[in-house]
Amino acid sequence: FLGGGHYIAYCKHPVTGQWHEYDDTSVTPVTESDVLRTEAYILMYRRKRRHRIVPLPMDVSADNFSLVPRWFWVKYQECATPGRIDTWRFLCPHGNPKAQSSNDQTILASMAVVTPEIFNQLHTLFGSGGAISSINQCQECLVHEAMLKKRRESEWTAINSC
């Protein structure tokens with residue numbers, strides 16, 4: 001709460017370039033000349049990038065793809081420094097998609113599909129965890145999970161037979 005006054009903001013849509021006036025109750029399209037006639041006391045700017053990497057529309061049926069977290073795309077499009085591309089929470093210790101992450105294509109719901117070249121450019125600019133270039137579950141982890149499940153079942157049977 002800013003002291004009970006009436007505040008108005010003017011914002012330019014980053015894609016359409018259309019200016020809008022935001023007040024307490026409504027949003028109204030305005031012209032750039034309307035904005036220039038106002039007496040602003042706070043100005044906020046959005047930094048432009050020299051080299052904009054635009055994701056190519058792809059799907060995972062392509063032979064060659066990489067996955068980037070969707071949250072990173074949002075930060076990349078809106079922030080001057082989006083930070084590292086954190087893929088580690090999706091990867092098992094072997095560098096493959098975690099079994100629980102790729103069930104029911106959960107991993108795809110939270111990822112953007114890009115070319116390996118774009119991923120490499122982003123990795124060079126911002127750093128990253130490992131590249132995700134497959135949605136197949138890690139076979140080593142699946143074997144380990146099956147062995148662990150079998151062990152738990154045998155222990156449960158042994159405990160219940162006492």
# chains A, B, ... in the order shown; residues from 1 in each chain; ligands from 1

$ select_by_dssp --residues "chain A" --states "strand (DSSP E or B)" --output "PyMOL selection string"
chain A and resi 9-12+19-22+27-30+66-69+85+91+97+111-114+128+132

$ atom_distance --atom1 "atom CA of A:Ser134" --atom2 "atom CA of A:Pro82"
24.2 Å

$ atom_distance --atom1 "atom CA of A:Ile118" --atom2 "atom CA of A:Lys75"
16.0 Å

$ closest_residue --among "A:Ile85, A:Leu43, A:Cys162, A:Met111" --to "A:Gly127" --atoms "only C-alpha atoms"
A:Ile85

$ residues_around --residues "A:Gly130" --least-positions-apart "5" --cutoff "7 Å" --atoms "only C-alpha atoms" --output "JSON, numbers by chain"
{"A": [87, 88, 95]}

$ residues_around --residues "A:Thr31" --least-positions-apart "4" --cutoff "9 Å" --atoms "only C-alpha atoms" --output "PDB file with N, CA and C atoms, in the first residue's frame"
ATOM      1  N   GLN A  18       2.190  -2.358 -28.009  1.00  0.00           N
ATOM      2  CA  GLN A  18       1.045  -1.519 -27.625  1.00  0.00           C
ATOM      3  C   GLN A  18       1.229  -1.020 -26.187  1.00  0.00           C
ATOM      4  N   TRP A  19       0.993   0.285 -25.982  1.00  0.00           N
ATOM      5  CA  TRP A  19       1.044   0.871 -24.640  1.00  0.00           C
ATOM      6  C   TRP A  19      -0.309   0.707 -23.968  1.00  0.00           C
ATOM      7  N   HIS A  20      -0.286   0.525 -22.630  1.00  0.00           N
ATOM      8  CA  HIS A  20      -1.510   0.412 -21.836  1.00  0.00           C
ATOM      9  C   HIS A  20      -1.376   1.278 -20.590  1.00  0.00           C
ATOM     10  N   VAL A  35       1.479   8.602 -23.570  1.00  0.00           N
ATOM     11  CA  VAL A  35       2.484   8.264 -22.562  1.00  0.00           C
ATOM     12  C   VAL A  35       3.522   9.370 -22.455  1.00  0.00           C
ATOM     13  N   LEU A  36       3.944   9.912 -23.578  1.00  0.00           N
ATOM     14  CA  LEU A  36       4.967  10.956 -23.577  1.00  0.00           C
ATOM     15  C   LEU A  36       4.498  12.257 -22.935  1.00  0.00           C
TER      16      LEU A  36
END

$ select_by_dssp --residues "stretch 93-142 of chain A" --states "alpha helix (DSSP H)" --output "PyMOL selection string"
chain A and resi 99-102+106-109+116-126+139-142

$ write_last_selection --atoms "C-alpha atoms" --output "PDB file, in the first residue's frame"
ATOM      1  CA  ALA A  99      12.779 -42.537 -13.745  1.00  0.00           C
ATOM      2  CA  GLN A 100      10.206 -40.668 -11.658  1.00  0.00           C
ATOM      3  CA  SER A 101      10.692 -37.481 -13.706  1.00  0.00           C
ATOM      4  CA  SER A 102       9.953 -39.086 -17.051  1.00  0.00           C
ATOM      5  CA  THR A 106       6.105 -35.254 -16.676  1.00  0.00           C
ATOM      6  CA  ILE A 107       9.534 -34.086 -17.752  1.00  0.00           C
ATOM      7  CA  LEU A 108       8.151 -32.794 -21.064  1.00  0.00           C
ATOM      8  CA  ALA A 109       5.438 -30.763 -19.347  1.00  0.00           C
ATOM      9  CA  PRO A 116      21.362 -28.950 -29.381  1.00  0.00           C
ATOM     10  CA  GLU A 117      22.987 -25.887 -30.988  1.00  0.00           C
ATOM     11  CA  ILE A 118      20.671 -23.530 -29.091  1.00  0.00           C
ATOM     12  CA  PHE A 119      21.284 -25.437 -25.848  1.00  0.00           C
ATOM     13  CA  ASN A 120      25.039 -25.146 -26.392  1.00  0.00           C
ATOM     14  CA  GLN A 121      24.755 -21.385 -26.985  1.00  0.00           C
ATOM     15  CA  LEU A 122      22.705 -20.990 -23.795  1.00  0.00           C
ATOM     16  CA  HIS A 123      25.162 -23.203 -21.891  1.00  0.00           C
ATOM     17  CA  THR A 124      28.058 -21.029 -23.087  1.00  0.00           C
ATOM     18  CA  LEU A 125      26.263 -17.806 -22.083  1.00  0.00           C
ATOM     19  CA  PHE A 126      24.745 -18.857 -18.751  1.00  0.00           C
ATOM     20  CA  GLN A 139      17.895 -48.214 -17.453  1.00  0.00           C
ATOM     21  CA  GLU A 140      20.473 -48.484 -14.666  1.00  0.00           C
ATOM     22  CA  CYS A 141      18.140 -46.673 -12.260  1.00  0.00           C
ATOM     23  CA  LEU A 142      15.164 -48.798 -13.351  1.00  0.00           C
TER      24      LEU A 142
END

$ residues_around --residues "A:Asn96" --least-positions-apart "2" --cutoff "8 Å" --atoms "only C-alpha atoms" --output "PyMOL selection string"
chain A and resi 91-94+98+132+134+136-138

$ write_last_selection --atoms "N, CA, C and O atoms" --output "short mmCIF file (atom, residue, chain, number, x, y, z; two decimals), in the first residue's frame"
data_model
loop_
_atom_site.label_atom_id
_atom_site.label_comp_id
_atom_site.auth_asym_id
_atom_site.auth_seq_id
_atom_site.Cartn_x
_atom_site.Cartn_y
_atom_site.Cartn_z
N LEU A 91 17.89 -35.02 -13.68
CA LEU A 91 18.84 -36.05 -14.09
C LEU A 91 19.23 -36.96 -12.93
O LEU A 91 19.38 -36.52 -11.80
N CYS A 92 19.42 -38.24 -13.25
CA CYS A 92 19.91 -39.19 -12.25
C CYS A 92 21.43 -39.08 -12.18
O CYS A 92 22.03 -38.34 -12.97
N PRO A 93 22.08 -39.82 -11.28
CA PRO A 93 23.54 -39.74 -11.18
C PRO A 93 24.27 -40.17 -12.46
O PRO A 93 25.42 -39.84 -12.67
N HIS A 94 23.58 -40.91 -13.34
CA HIS A 94 24.18 -41.38 -14.59
C HIS A 94 24.03 -40.36 -15.71
O HIS A 94 24.48 -40.59 -16.83
N LYS A 98 15.68 -38.88 -14.70
CA LYS A 98 15.29 -39.71 -13.57
C LYS A 98 14.03 -40.48 -13.93
O LYS A 98 13.14 -39.97 -14.62
N ILE A 132 19.87 -32.44 -21.43
CA ILE A 132 18.89 -33.52 -21.48
C ILE A 132 18.52 -33.68 -22.95
O ILE A 132 17.92 -32.80 -23.55
N SER A 134 17.21 -36.82 -24.10
CA SER A 134 16.42 -38.04 -24.20
C SER A 134 15.32 -37.97 -23.14
O SER A 134 15.49 -37.35 -22.10
N ASN A 136 13.95 -40.97 -22.40
CA ASN A 136 13.95 -42.37 -21.96
C ASN A 136 14.46 -42.47 -20.53
O ASN A 136 15.45 -41.84 -20.17
N GLN A 137 13.77 -43.29 -19.75
CA GLN A 137 14.18 -43.47 -18.37
C GLN A 137 15.53 -44.16 -18.30
O GLN A 137 15.87 -44.98 -19.15
N CYS A 138 16.29 -43.84 -17.29
CA CYS A 138 17.61 -44.43 -17.09
C CYS A 138 17.45 -45.92 -16.79
O CYS A 138 16.83 -46.30 -15.79
#

$ residues_around --residues "A:Thr115" --least-positions-apart "5" --cutoff "7 Å" --atoms "only C-alpha atoms" --output "JSON, numbers by chain"
{"A": [64, 65, 66]}

$ decode --residues "stretch 65-105 of chain A" --atoms "N, CA and C atoms" --output "CSV table (one decimal), in the first residue's frame"
chain,number,residue,atom,x,y,z
A,65,PHE,N,17.5,-33.4,-30.3
A,65,PHE,CA,16.9,-32.3,-29.5
A,65,PHE,C,17.5,-32.2,-28.1
A,66,SER,N,17.3,-31.1,-27.5
A,66,SER,CA,17.7,-30.9,-26.1
A,66,SER,C,16.5,-30.3,-25.3
A,67,LEU,N,16.5,-30.5,-24.0
A,67,LEU,CA,15.4,-29.9,-23.2
A,67,LEU,C,15.9,-28.9,-22.3
A,68,VAL,N,15.2,-27.8,-22.2
A,68,VAL,CA,15.6,-26.7,-21.3
A,68,VAL,C,14.3,-26.4,-20.4
A,69,PRO,N,14.5,-26.3,-19.1
A,69,PRO,CA,13.4,-26.0,-18.2
A,69,PRO,C,12.6,-24.8,-18.7
A,70,ARG,N,11.2,-24.9,-18.7
A,70,ARG,CA,10.4,-23.7,-19.1
A,70,ARG,C,10.6,-22.5,-18.2
A,71,TRP,N,10.8,-22.7,-16.9
A,71,TRP,CA,11.1,-21.5,-16.1
A,71,TRP,C,12.3,-20.7,-16.6
A,72,PHE,N,13.3,-21.5,-17.1
A,72,PHE,CA,14.5,-20.8,-17.6
A,72,PHE,C,14.1,-19.9,-18.8
A,73,TRP,N,13.2,-20.4,-19.7
A,73,TRP,CA,12.8,-19.6,-20.9
A,73,TRP,C,12.1,-18.4,-20.5
A,74,VAL,N,11.3,-18.5,-19.4
A,74,VAL,CA,10.6,-17.3,-18.9
A,74,VAL,C,11.6,-16.3,-18.4
A,75,LYS,N,12.5,-16.7,-17.6
A,75,LYS,CA,13.6,-15.8,-17.1
A,75,LYS,C,14.4,-15.3,-18.2
A,76,TYR,N,14.8,-16.1,-19.2
A,76,TYR,CA,15.6,-15.7,-20.3
A,76,TYR,C,14.9,-14.6,-21.1
A,77,GLN,N,13.6,-14.7,-21.3
A,77,GLN,CA,12.9,-13.7,-22.1
A,77,GLN,C,12.7,-12.4,-21.3
A,78,GLU,N,12.6,-12.5,-20.0
A,78,GLU,CA,12.3,-11.3,-19.2
A,78,GLU,C,13.4,-10.7,-18.4
A,79,CYS,N,14.5,-11.4,-18.1
A,79,CYS,CA,15.5,-10.9,-17.3
A,79,CYS,C,16.8,-10.7,-18.1
A,80,ALA,N,17.6,-9.7,-17.6
A,80,ALA,CA,18.9,-9.5,-18.3
A,80,ALA,C,19.9,-10.6,-18.0
A,81,THR,N,19.8,-11.2,-16.8
A,81,THR,CA,20.7,-12.3,-16.4
A,81,THR,C,19.8,-13.4,-15.8
A,82,PRO,N,19.4,-14.3,-16.6
A,82,PRO,CA,18.5,-15.4,-16.1
A,82,PRO,C,19.1,-16.4,-15.2
A,83,GLY,N,20.4,-16.4,-15.0
A,83,GLY,CA,21.0,-17.4,-14.2
A,83,GLY,C,21.3,-18.7,-14.9
A,84,ARG,N,21.8,-19.7,-14.2
A,84,ARG,CA,22.2,-21.0,-14.8
A,84,ARG,C,21.0,-21.8,-15.2
A,85,ILE,N,21.2,-22.6,-16.2
A,85,ILE,CA,20.1,-23.6,-16.6
A,85,ILE,C,20.2,-24.8,-15.7
A,86,ASP,N,19.3,-24.9,-14.8
A,86,ASP,CA,19.4,-26.0,-13.8
A,86,ASP,C,18.6,-27.2,-14.3
A,87,THR,N,19.4,-28.2,-14.8
A,87,THR,CA,18.7,-29.4,-15.2
A,87,THR,C,19.0,-30.6,-14.3
A,88,TRP,N,19.8,-30.3,-13.2
A,88,TRP,CA,20.2,-31.4,-12.3
A,88,TRP,C,19.1,-32.1,-11.6
A,89,ARG,N,18.0,-31.4,-11.3
A,89,ARG,CA,16.9,-32.0,-10.6
A,89,ARG,C,16.2,-33.0,-11.5
A,90,PHE,N,16.4,-33.0,-12.8
A,90,PHE,CA,15.7,-33.9,-13.7
A,90,PHE,C,16.6,-35.1,-14.1
A,91,LEU,N,17.9,-35.0,-13.7
A,91,LEU,CA,18.8,-36.1,-14.1
A,91,LEU,C,19.2,-37.0,-12.9
A,92,CYS,N,19.4,-38.2,-13.2
A,92,CYS,CA,19.9,-39.2,-12.3
A,92,CYS,C,21.4,-39.1,-12.2
A,93,PRO,N,22.1,-39.8,-11.3
A,93,PRO,CA,23.5,-39.7,-11.2
A,93,PRO,C,24.3,-40.2,-12.5
A,94,HIS,N,23.6,-40.9,-13.3
A,94,HIS,CA,24.2,-41.4,-14.6
A,94,HIS,C,24.0,-40.4,-15.7
A,95,GLY,N,23.3,-39.2,-15.4
A,95,GLY,CA,23.2,-38.2,-16.5
A,95,GLY,C,22.0,-38.4,-17.4
A,96,ASN,N,21.1,-39.3,-17.0
A,96,ASN,CA,19.9,-39.6,-17.8
A,96,ASN,C,18.7,-39.1,-17.0
A,97,PRO,N,17.5,-38.9,-17.7
A,97,PRO,CA,16.3,-38.5,-17.0
A,97,PRO,C,16.0,-39.4,-15.9
A,98,LYS,N,15.7,-38.9,-14.7
A,98,LYS,CA,15.3,-39.7,-13.6
A,98,LYS,C,14.0,-40.5,-13.9
A,99,ALA,N,13.9,-41.7,-13.4
A,99,ALA,CA,12.8,-42.5,-13.7
A,99,ALA,C,11.5,-41.9,-13.3
A,100,GLN,N,11.4,-41.3,-12.1
A,100,GLN,CA,10.2,-40.7,-11.7
A,100,GLN,C,9.9,-39.4,-12.4
A,101,SER,N,10.9,-38.7,-13.0
A,101,SER,CA,10.7,-37.5,-13.7
A,101,SER,C,10.1,-37.7,-15.1
A,102,SER,N,10.4,-38.9,-15.7
A,102,SER,CA,10.0,-39.1,-17.1
A,102,SER,C,8.7,-39.9,-17.1
A,103,ASN,N,8.2,-40.4,-16.0
A,103,ASN,CA,6.9,-41.1,-16.1
A,103,ASN,C,5.8,-40.2,-16.6
A,104,ASP,N,4.9,-40.7,-17.4
A,104,ASP,CA,3.8,-40.0,-17.9
A,104,ASP,C,4.2,-38.7,-18.6
A,105,GLN,N,5.4,-38.6,-19.1
A,105,GLN,CA,5.9,-37.5,-19.8
A,105,GLN,C,5.9,-36.2,-18.9
